Amino acid sequence: MNAAVKLVAQRVALGLLLLFLVSILIFVGTLILPGDVAQSILGQSATPEALANLRKELGLNEPALTRYVSWLAGVFHGDLGTALTSGQDIAESLGRRLGNTLFLAFWAAIIAVPLAIFLGLLAVRYRDRWPDKLISGVTLASISIPEFLIGYVLMYFIGVKLGWAPSVAMMNDSMSLGQKLHAIALPVAVLTLVVLAHMMRMTRAAILNVMQSAYIETAELKGLSMFTIIWRHAFPNSIAPIVNVVMLNLAYLVVGVVVVEVVFTYPGMGQYLVDHVSKRDVPVVQACGLVFAAVYIGLNMVADIVSILSNPRLRHPK
Amino acid sequence: MKDQIDYLKLRAALGHISRREFMGRMGALGVSAALANTLLADAVRAAGPQKGGTIKVGIDGGSSSDTLDPALVTNSTGTMLLRLWGEPLIELALSGGLEGRIAESWEGSADASVWTFKIRQGVTFSNGKTVTAEDVLATMERHSGEDTKSGALGIMRGIKAMRAEGDMFVVELSEPNADLPYLLTDYHLVIQPNGGKDDPNAAIGTGPYILKSAEQGVRFVAEKNPNHWDSSHGHAETIEMIVINDDTARVAALQSGQVDMITRVPPRTAGLVSRAPNINVYSKSGPGHYVFIMHCDTAPFDNNDVRMALKYGINRQEMVDKVLFGYGSIGNDTPINASYPLFTPAEQREYDPDKAKFHMQKSGYDGAILLRTSDNSFPGAPDASALFQQSLAQAGINLEIKREPNDGYWSEVWNKQPFCTSYWSGRPVQDQMFSTAYLSSADWNDTRFNNEKFDQLLVAARAELDETKRKQMYADMSDILRNEGGLICPMFNDFIDGVSDKIGGWQETIGFGLMNLYAPVKTWVTA
């Protein structure tokens with residue numbers, strides 16, 4: 001087990017280094033964008049005096065390096081700072097948004113991951129017959145349609161025409177869990193449709209790959225049922241690629257759903273980030289970028305570790 | 001039959017029969033649907049406001065990077081919020097003219113250079129403090145000081161001195177301005193305790209509602225202010241504002257009944273939305289307009305013949321039909337239209353390729369003309385630019401279109417590049433519109449217009465208290481802009497609002513959409 005601990009420690013250290021590099025990249029990126037936060041806050045109504053006053057107040061006249069270093073020092077003390085635009089504490093508003101994003105991602109994943117794997121197993125069981133073709137056809141179609149379009153279609157038929165679920169996924173603290181789940185029904189459905197195909201196809205391909213092996217033939221000759229063979233013998237051996245693709249999709253559910261958030265007016269992190277990028281609010285963009293990068297790196301790390309642990313040859317190197 | 005109609009009107013107004021039933025019975029009596037609708041609206045208003053309930057507003061513009069500080073408000077979400085929890089000194093009356101809010105009355109000196117405002121007695125802030133002339137003075141100071149960042153700074157600049165005398169607030173101007181009361185209706189200028197100098201973000205004011213929960217860019221909840229002085233404002237118990245920036249999502253929220261009213265129904269789908277049985281779509285002309293702006297000091301636009309060629313080369317009606325889908329009216333190369341109090345109509349400039357060709361040849365310029373545009377410069381701007389390109393081609397003029405990114409358009413292109421698309425939301429009075437964008441020394445002189453006669457007329461008109469003479473001066477100024485300015489104004493855009501039939505008390509108004517953004521304050525929920 002010592003090797004595994006060492007491996008995890010290594011990965012975490014590398015992840016932290018990566019996060020640091022990401023923060024530099026984001027900072028430089030926001031500097032390259034035209035205009036600055038003062039100009040963006042005042043918009044078309046900016047007078048030169050108002051601009052100068054606001055720049056002074058926000059400390060934008062300091063050199064870029066100074067601003068970066070002081071921000072970095074703050075982060076090491078656990079202080080993400082305050083937003084330049086709204087003056088609110090970033091950790092607090094970001095925390096609420098992150099909570100919403102994770103809530104949506106969690107429920108989408110709870111439905112999508114088991115469903116995708118089950119459909120994948122089903123497709124293998126009925127390979128090249130109509131259930132396989134139906135599953136592949138439907139999931140591939142749903143991944144090929146842009147997610148905002150799926151969103152609008154569901155919104156129109158389920159939200160407006162049938163009235164089964166609200167078209168605006170508005171969340172607030174006074175809602176019960178049931179009300180919250182009802183509110184996010186449509187975005188969860190869209191996200192499920194969007195991530196289903198990728199995971200399902202990978203499950204199908206990975207298991208089919210294993211199904212060619214000699215030991216599967218042995219199991220068949222022993223007289224085991226097809227589903228038992230797939231579930232007991234093929235699935236455990238194809239877990240590594242499946243976990244990889246599942247983690248990639250989970251990461252997408254957290255960091256890549258801004259379009260779905262906008263369509264359903266869901267107060268998640270994507271919208272929060274986009275609002276602040278367009279205002280050049282660097283501290284908020286930095287904080288969001290760090291969180292997103294951490295999620296991405298973290299989930300990929302989990303995928304790596306799981307695939308190593310699930311493989312006896314990697315678990316017990318000679 | 002009259003009795004029957006009256007009886008049904010009363011029943012409908014009291015909520016005893018549904019709108020649908022009312023319309024059906026009216027149809028049976030041979031009354032047209034349009035007339036029945038009007039009858040119903042009258043009846044509901046005549047029955048008087050109903051108290052209580054919740055009005056939910058789906059609104060555009062809000063962003064999670066906004067603040068509650070009135071000085072920094074730039075969008076319709078922020079403006080509507082200010083209307084809920086705060087009040088200015090003076091407000092535009094819904095049907096035109098002015099009405100006093102915090103100011104009970106006001107008076108200008110004979111030469112319009114000193115203005116005295118009498119502060120209404122017994123008005124309290126939501127923190128219990130009574131409003132004094134000192135609070136008003138402090139508010140105006142915060143928006144006009146040397147180090148202010150207020151969006152209202154531009155209109156506060158002409159003020160030389162301000163002071164509070166008992167319950168009077170006195171303003172001395174550095175040059176006379178008969179329009180000062182109109183300028184003070186600016187949405188930034190809500191009165192805050194001690195001017196908001198202690199905490200600009202506190203959202204404490206004298207408005208009909210008290211802000212209970214604010215999640216920027218997401219949702220706001222306000223409860224009725226029990227101590228509000230004016231019973232004609234604030235009928236619903238609770239106002240909920242939900243920021244929905246996506247057009248389709250906003251319309252869907254109205255259609256599915258999640259909100260009771262929305263701003264900015266997209267012109268493309270407005271006709272479709274209005275067919276729904278329980279939704280009314282109101283379109284209202286306003287001072288907002290879409291423009292193509294040329295820098296009068298930059299070649300080739302420094303030649304007036306080039307400018308005239310482009311003005312003759314634009315097909316205004318086609319743009320209203322195809323870009324605004326008919327929800328608008330044609331412009332006449334001046335920022336002023338009938339929504340301004342002292343408007344005088346001038347001869348309409350028509351699309352005339354021959355005249356465009358003539359002026360272009362006369363100018364001696366035969367190169368291509370570069371127009372910069374972006375999606376956010378106004379909705380449909382790239383399409384409008386393409387139409388302009390086509391109509392100019394018929395006059396033999398080659399227009400090149402450069403598509404710019406939305407991001408950074410206002411800082412990098414507008415007011416920097418010599419020819420681009422843009423919009424103006426308009427101002428309440430001519431003086432303000434002209435001084436904001438066409439006075440040679442204006443910060444936002446985005447056409448680099450420098451005309452001595454125009455500047456003189458503008459200053460003279462401010463001090464002119466004879467309305468007839470003033471009206472003539474403004475007409476002359478519009479003519480100068482029309483014939484020499486760098487502004488091509490093809491269209492004035494309408495505000496298009498969508499409102500559920502649950503809402504009573506809707507009125508035609510001037511100003512912004514949703515009853516100058518006062519709809520949640522002045523309408524009510526019918527049973």
# chains A, B, ... in the order shown; residues from 1 in each chain; ligands from 1

$ residues_around --residues "Leu102 of chain A" --least-positions-apart "2" --cutoff "12 Å" --atoms "only C-alpha atoms" --output "number ranges by chain"
A: 94-100, 104-110, 188, 250-255, 257, 267-270, 291-292, 295

$ residues_around --residues "Ser329 of chain B" --least-positions-apart "5" --cutoff "8 Å" --atoms "only C-alpha atoms" --output "list in words"
Ser285, Val320, Met491, Phe492, Asn493 and Asp494 of chain B

$ interface_residues --of "chain B" --to "chain A" --cutoff "6 Å" --atoms "only C-alpha atoms" --output "list in words"
Ser63, Ser64, Ser65, Asp66, Thr67, Asp147, Lys149, Ile244, Ala249, Ala253, Ser256, Gly408, Trp410 and Ser411 of chain B

$ residues_around --residues "Leu514 of chain B" --least-positions-apart "5" --cutoff "10 Å" --atoms "only C-alpha atoms" --output "list of chain:residue names"
B:Val57, B:Ile59, B:Met80, B:Met261, B:Ile262, B:Thr263, B:Arg264, B:Tyr282, B:Ser283, B:Lys284, B:Phe495, B:Ile496, B:Asp497, B:Gly498, B:Val499, B:Trp506, B:Gln507, B:Glu508, B:Thr509, B:Ala519, B:Pro520

$ residues_around --residues "Asn194 of chain B" --least-positions-apart "4" --cutoff "12 Å" --atoms "only C-alpha atoms" --output "count of residues only"
22

$ residues_around --residues "Leu290 of chain A" --least-positions-apart "3" --cutoff "7 Å" --atoms "only C-alpha atoms" --output "count of residues only"
6

$ closest_residue --among "B:Glu240, B:Gln258, B:Glu452, B:Arg268" --to "Ala183 of chain A" --atoms "only C-alpha atoms"
B:Gln258

$ residues_around --residues "segment 304-314 of chain A" --least-positions-apart "5" --cutoff "12 Å" --atoms "only C-alpha atoms" --output "mmCIF file with N, CA, C and O atoms, in the first residue's frame"
data_model
loop_
_atom_site.group_PDB
_atom_site.id
_atom_site.type_symbol
_atom_site.label_atom_id
_atom_site.label_comp_id
_atom_site.auth_asym_id
_atom_site.auth_seq_id
_atom_site.Cartn_x
_atom_site.Cartn_y
_atom_site.Cartn_z
ATOM 1 N N MET A 1 0.837 -1.197 0.000
ATOM 2 C CA MET A 1 0.000 0.000 0.000
ATOM 3 C C MET A 1 0.873 1.247 0.000
ATOM 4 O O MET A 1 0.440 2.324 -0.389
ATOM 5 N N ALA A 3 3.261 2.069 -1.861
ATOM 6 C CA ALA A 3 3.424 2.610 -3.207
ATOM 7 C C ALA A 3 2.247 3.480 -3.585
ATOM 8 O O ALA A 3 2.414 4.553 -4.170
ATOM 9 N N ALA A 4 1.046 3.033 -3.193
ATOM 10 C CA ALA A 4 -0.161 3.793 -3.530
ATOM 11 C C ALA A 4 -0.146 5.149 -2.836
ATOM 12 O O ALA A 4 -0.465 6.171 -3.455
ATOM 13 N N VAL A 5 0.245 5.179 -1.554
ATOM 14 C CA VAL A 5 0.286 6.450 -0.820
ATOM 15 C C VAL A 5 1.270 7.401 -1.493
ATOM 16 O O VAL A 5 0.989 8.587 -1.708
ATOM 17 N N LYS A 6 2.418 6.845 -1.854
ATOM 18 C CA LYS A 6 3.434 7.671 -2.505
ATOM 19 C C LYS A 6 2.902 8.235 -3.817
ATOM 20 O O LYS A 6 3.067 9.423 -4.132
ATOM 21 N N LEU A 7 2.188 7.366 -4.515
ATOM 22 C CA LEU A 7 1.620 7.774 -5.795
ATOM 23 C C LEU A 7 0.637 8.928 -5.616
ATOM 24 O O LEU A 7 0.700 9.949 -6.312
ATOM 25 N N VAL A 8 -0.266 8.790 -4.622
ATOM 26 C CA VAL A 8 -1.257 9.837 -4.387
ATOM 27 C C VAL A 8 -0.552 11.143 -4.022
ATOM 28 O O VAL A 8 -0.877 12.210 -4.549
ATOM 29 N N ALA A 9 0.440 11.059 -3.140
ATOM 30 C CA ALA A 9 1.166 12.257 -2.725
ATOM 31 C C ALA A 9 1.806 12.942 -3.930
ATOM 32 O O ALA A 9 1.725 14.167 -4.089
ATOM 33 N N GLN A 10 2.403 12.126 -4.772
ATOM 34 C CA GLN A 10 3.027 12.676 -5.991
ATOM 35 C C GLN A 10 2.011 13.428 -6.843
ATOM 36 O O GLN A 10 2.236 14.547 -7.286
ATOM 37 N N ARG A 11 0.865 12.752 -7.033
ATOM 38 C CA ARG A 11 -0.167 13.348 -7.885
ATOM 39 C C ARG A 11 -0.668 14.661 -7.299
ATOM 40 O O ARG A 11 -0.888 15.633 -8.010
ATOM 41 N N VAL A 12 -0.879 14.688 -5.976
ATOM 42 C CA VAL A 12 -1.384 15.906 -5.339
ATOM 43 C C VAL A 12 -0.387 17.047 -5.507
ATOM 44 O O VAL A 12 -0.755 18.176 -5.859
ATOM 45 N N PHE A 235 -16.977 -6.682 -16.834
ATOM 46 C CA PHE A 235 -17.033 -5.316 -16.325
ATOM 47 C C PHE A 235 -15.848 -4.962 -15.415
ATOM 48 O O PHE A 235 -15.197 -3.921 -15.627
ATOM 49 N N PRO A 236 -15.509 -5.839 -14.417
ATOM 50 C CA PRO A 236 -14.383 -5.463 -13.539
ATOM 51 C C PRO A 236 -13.086 -5.260 -14.300
ATOM 52 O O PRO A 236 -12.259 -4.428 -13.914
ATOM 53 N N ASN A 237 -12.920 -5.976 -15.379
ATOM 54 C CA ASN A 237 -11.669 -5.846 -16.126
ATOM 55 C C ASN A 237 -11.648 -4.669 -17.083
ATOM 56 O O ASN A 237 -10.616 -4.373 -17.670
ATOM 57 N N SER A 238 -12.815 -4.055 -17.275
ATOM 58 C CA SER A 238 -12.803 -2.894 -18.176
ATOM 59 C C SER A 238 -13.084 -1.624 -17.387
ATOM 60 O O SER A 238 -13.431 -0.589 -17.952
ATOM 61 N N ILE A 239 -12.907 -1.712 -16.049
ATOM 62 C CA ILE A 239 -13.295 -0.569 -15.217
ATOM 63 C C ILE A 239 -12.421 0.663 -15.475
ATOM 64 O O ILE A 239 -12.910 1.795 -15.417
ATOM 65 N N ALA A 240 -11.131 0.447 -15.789
ATOM 66 C CA ALA A 240 -10.232 1.597 -15.915
ATOM 67 C C ALA A 240 -10.686 2.599 -16.983
ATOM 68 O O ALA A 240 -10.859 3.786 -16.682
ATOM 69 N N PRO A 241 -10.894 2.167 -18.230
ATOM 70 C CA PRO A 241 -11.338 3.161 -19.220
ATOM 71 C C PRO A 241 -12.696 3.762 -18.888
ATOM 72 O O PRO A 241 -12.933 4.941 -19.158
ATOM 73 N N ILE A 242 -13.570 2.945 -18.259
ATOM 74 C CA ILE A 242 -14.897 3.478 -17.938
ATOM 75 C C ILE A 242 -14.785 4.572 -16.877
ATOM 76 O O ILE A 242 -15.372 5.653 -17.018
ATOM 77 N N VAL A 243 -13.995 4.323 -15.845
ATOM 78 C CA VAL A 243 -13.826 5.349 -14.808
ATOM 79 C C VAL A 243 -13.243 6.619 -15.423
ATOM 80 O O VAL A 243 -13.653 7.738 -15.111
ATOM 81 N N ASN A 244 -12.315 6.443 -16.323
ATOM 82 C CA ASN A 244 -11.715 7.611 -16.980
ATOM 83 C C ASN A 244 -12.759 8.477 -17.658
ATOM 84 O O ASN A 244 -12.799 9.698 -17.468
ATOM 85 N N VAL A 245 -13.603 7.841 -18.439
ATOM 86 C CA VAL A 245 -14.569 8.630 -19.196
ATOM 87 C C VAL A 245 -15.655 9.180 -18.257
ATOM 88 O O VAL A 245 -16.153 10.289 -18.446
ATOM 89 N N VAL A 246 -15.992 8.405 -17.200
ATOM 90 C CA VAL A 246 -16.965 8.914 -16.240
ATOM 91 C C VAL A 246 -16.426 10.178 -15.570
ATOM 92 O O VAL A 246 -17.127 11.190 -15.448
ATOM 93 N N MET A 247 -15.155 10.151 -15.178
ATOM 94 C CA MET A 247 -14.567 11.314 -14.506
ATOM 95 C C MET A 247 -14.519 12.527 -15.441
ATOM 96 O O MET A 247 -14.792 13.655 -15.036
ATOM 97 N N LEU A 248 -14.183 12.286 -16.695
ATOM 98 C CA LEU A 248 -14.168 13.387 -17.653
ATOM 99 C C LEU A 248 -15.547 14.037 -17.743
ATOM 100 O O LEU A 248 -15.685 15.263 -17.781
ATOM 101 N N ILE A 297 -8.527 18.811 -12.221
ATOM 102 C CA ILE A 297 -7.312 18.058 -11.851
ATOM 103 C C ILE A 297 -7.667 16.967 -10.848
ATOM 104 O O ILE A 297 -7.231 15.821 -10.965
ATOM 105 N N GLY A 298 -8.527 17.321 -9.880
ATOM 106 C CA GLY A 298 -8.898 16.359 -8.843
ATOM 107 C C GLY A 298 -9.587 15.138 -9.429
ATOM 108 O O GLY A 298 -9.216 13.994 -9.122
ATOM 109 N N LEU A 299 -10.560 15.360 -10.298
ATOM 110 C CA LEU A 299 -11.303 14.227 -10.851
ATOM 111 C C LEU A 299 -10.406 13.355 -11.733
ATOM 112 O O LEU A 299 -10.516 12.127 -11.722
#
